[in-house]
Each structure stands twice: as structure tokens, then as C-alpha cells.
Amino acid sequence: RAPVTIFMADAAQQMFFNLLFTNLLVTGALPAHLTWSEAALCWAVASTSVHEGVLLLLDGVEAYVSNSWNWISVLSCFFFWGGLATKLSDGGASSVQAARTYYAVAMFFMWTRVLHVLSVHREIGPLVIAFARMRRDVLLFASVWAVLLLAFSTAMQGAQPVDSKTLQVNANPMFSWKSWWLVRTYYQSFGEPFYDELSTDASNVVLLIMFPVMNLMVVNLLIAIMNDTYTEVKDRSKLQWMLEMYHVAKEYRSSARLNL
């Protein structure tokens, strides 16, 4: 029961069931009945659920919730059980479709958990740590980006032509939902111009100002912030890797792994 042996067994189990789950979702329609793949996945997710429950009791609530990997495991279990319960509720087409959505979200979190396995690699580990720390950079950056997005969204909407009879903005029939004025600028901030909606001089002027601001200045600001974080992690990569190895060894030495 050496930690490295348990770690390797757990990593192999994760990869096997992730591939099995991926095959279930991408190779065809999801049957209304319980398949053998889902039955096998029920065992794997039940194992993870037991582990997370035991880990919560051993570590305490505060220590448990402070670890983002625990959140990812809990969310993967939650959406899998939610999808299974939805599918088995009545077996109708709507239930199966909803179950696929639940399963897809669960699959996302299950593959994200693989990063925890890769974090022990001496070269890949610092990259995983840098990626995790960049989440804070993105959240701080998002406050500036959101303000600029709202500013350009309202300016672009105000520059749209109005109907001479109703005095309402002429809506594109393809994008008639109410939030399109905001979503359109969101896409434009990533380089999609939507030339067919630039029918006034004012809208073209707004786009000419928005493109360099949102696509050059703001994006390069985010790159610079992330570069500082990456440089900091890289300068301390050996220490960060050893610290991550310690946490992983501590986790896999825990009696919470008895369910494996």
C-alpha cells in the first residue's frame, strides 16, 4: 500500500473510466436503458463518492473545501448521478437528452481531474500550477474587460439603425434574442466583426475604436499578467513541484483511499 502504487492504480483507473465514458457519449445515441458501460461507471463514481466523503470526515470541512481538486471530484460525481437519475426517471427522449447534458458536464470535470495526476510530473507539474494560479489573474482581468464590454455594447447598440415607423432598432432575424446586443459585442471582442450589422457610419466608427482596444490592448494586458504569473512559478518550479509531490503523497497515504 505504498502511496506511489495507489497513485498509479488510481491514475490508471481514472484514464480507463474516462475513456469508457467518452466512448459512451461520442459514439452514438444514448440508449434509454442502463448500459453495461454506465453500470461500470456507477461503480467508479461510487468509489470516488465514498473517497470524497471519507476525505471530508478526515480532513474537516475547512481543509476539504480549500482544495480545488476536491471540488472538481464532487462536481463530476454530482453531474453523473444527476444524469443517471434523470435518464432513469421516465426513459423518454427529453430525459435522455437532459441526461446527455449532465453526462457531458460530468465528463468535463472527469477529464479535468487528470490534471491532478499530471501535476506530479516534474515538467508538466509547474504548468498545471501556473494554470491554476492564472484563474485569479483572469478573475481580476474580467472586471476591467466586463466594463469595457458593456461600454462598447451600449455604444454599438445605440449606433444601430431604427425603423422609420416603429422607431425600434432593426433586429437581425437570425439573432433576435434580447441579449444579442451584448453577445454580439462579446464575439466582436474576439475578432468576429459581423459586417452585415454595420449599416451606419456610427457603428463602423465604434468598431474601429473597439477592435484595437479589445483585441490588442486588453488581450495583451491579459497576456502580460499571465506572463508574470508563469515567470514566478517557473522561477520556483522545483520548489513548487516538490510541494505538489508532498500534497499528493499525503493524500494517497491517507486511509481515505481504502475504497480502492
# chains A, B, ... in the order shown; residues from 1 in each chain; ligands from 1
>>> residues_around(residues="range 19-32 of chain A", least_positions_apart="5", cutoff="12 Å", atoms="only C-alpha atoms", output="MDAnalysis selection string")
chainID A and resid 12:14 37:42 44:45 76 80 83:111 114
>>> residues_around(residues="range 199-202 of chain A", least_positions_apart="6", cutoff="8 Å", atoms="only C-alpha atoms", output="list in words")
Ala159, Gln160 and Pro161 of chain A
>>> write_last_selection(atoms="all heavy atoms", output="PDB file, in the first residue's frame")
ATOM      1  N   ALA A 159     -25.732  52.799 -31.941  1.00  0.00           N
ATOM      2  CA  ALA A 159     -25.369  53.186 -33.301  1.00  0.00           C
ATOM      3  C   ALA A 159     -26.135  52.416 -34.367  1.00  0.00           C
ATOM      4  O   ALA A 159     -25.971  52.675 -35.560  1.00  0.00           O
ATOM      5  CB  ALA A 159     -23.870  52.977 -33.511  1.00  0.00           C
ATOM      6  N   GLN A 160     -26.989  51.465 -33.964  1.00  0.00           N
ATOM      7  CA  GLN A 160     -27.754  50.672 -34.926  1.00  0.00           C
ATOM      8  C   GLN A 160     -28.899  51.501 -35.518  1.00  0.00           C
ATOM      9  O   GLN A 160     -29.456  52.378 -34.858  1.00  0.00           O
ATOM     10  CB  GLN A 160     -28.312  49.414 -34.250  1.00  0.00           C
ATOM     11  CG  GLN A 160     -27.250  48.432 -33.775  1.00  0.00           C
ATOM     12  CD  GLN A 160     -26.350  47.962 -34.893  1.00  0.00           C
ATOM     13  OE1 GLN A 160     -26.813  47.465 -35.913  1.00  0.00           O
ATOM     14  NE2 GLN A 160     -25.039  48.137 -34.700  1.00  0.00           N
ATOM     15  N   PRO A 161     -29.268  51.225 -36.768  1.00  0.00           N
ATOM     16  CA  PRO A 161     -30.377  51.974 -37.399  1.00  0.00           C
ATOM     17  C   PRO A 161     -31.727  51.610 -36.784  1.00  0.00           C
ATOM     18  O   PRO A 161     -31.892  50.505 -36.255  1.00  0.00           O
ATOM     19  CB  PRO A 161     -30.303  51.535 -38.865  1.00  0.00           C
ATOM     20  CG  PRO A 161     -29.688  50.167 -38.804  1.00  0.00           C
ATOM     21  CD  PRO A 161     -28.694  50.216 -37.675  1.00  0.00           C
TER      22      PRO A 161
END
>>> atom_distance(atom1="CA of Ser143 in chain A", atom2="CA of Asn227 in chain A")
18.8 Å
>>> atom_distance(atom1="CA of Leu216 in chain A", atom2="CA of Ser153 in chain A")
17.6 Å
>>> select_by_dssp(residues="range 15-192 of chain A", states="alpha helix (DSSP H)", output="ChimeraX atom specification")
/A:15-26,36-59,61-65,68-90,93-112,114-118,124-158,180-188
>>> residues_around(residues="Trp145 in chain A", least_positions_apart="5", cutoff="9 Å", atoms="only C-alpha atoms", output="list of chain:residue names")
A:Leu150, A:Met214, A:Val218
>>> atom_distance(atom1="CA of Val206 in chain A", atom2="CA of Val183 in chain A")
15.7 Å
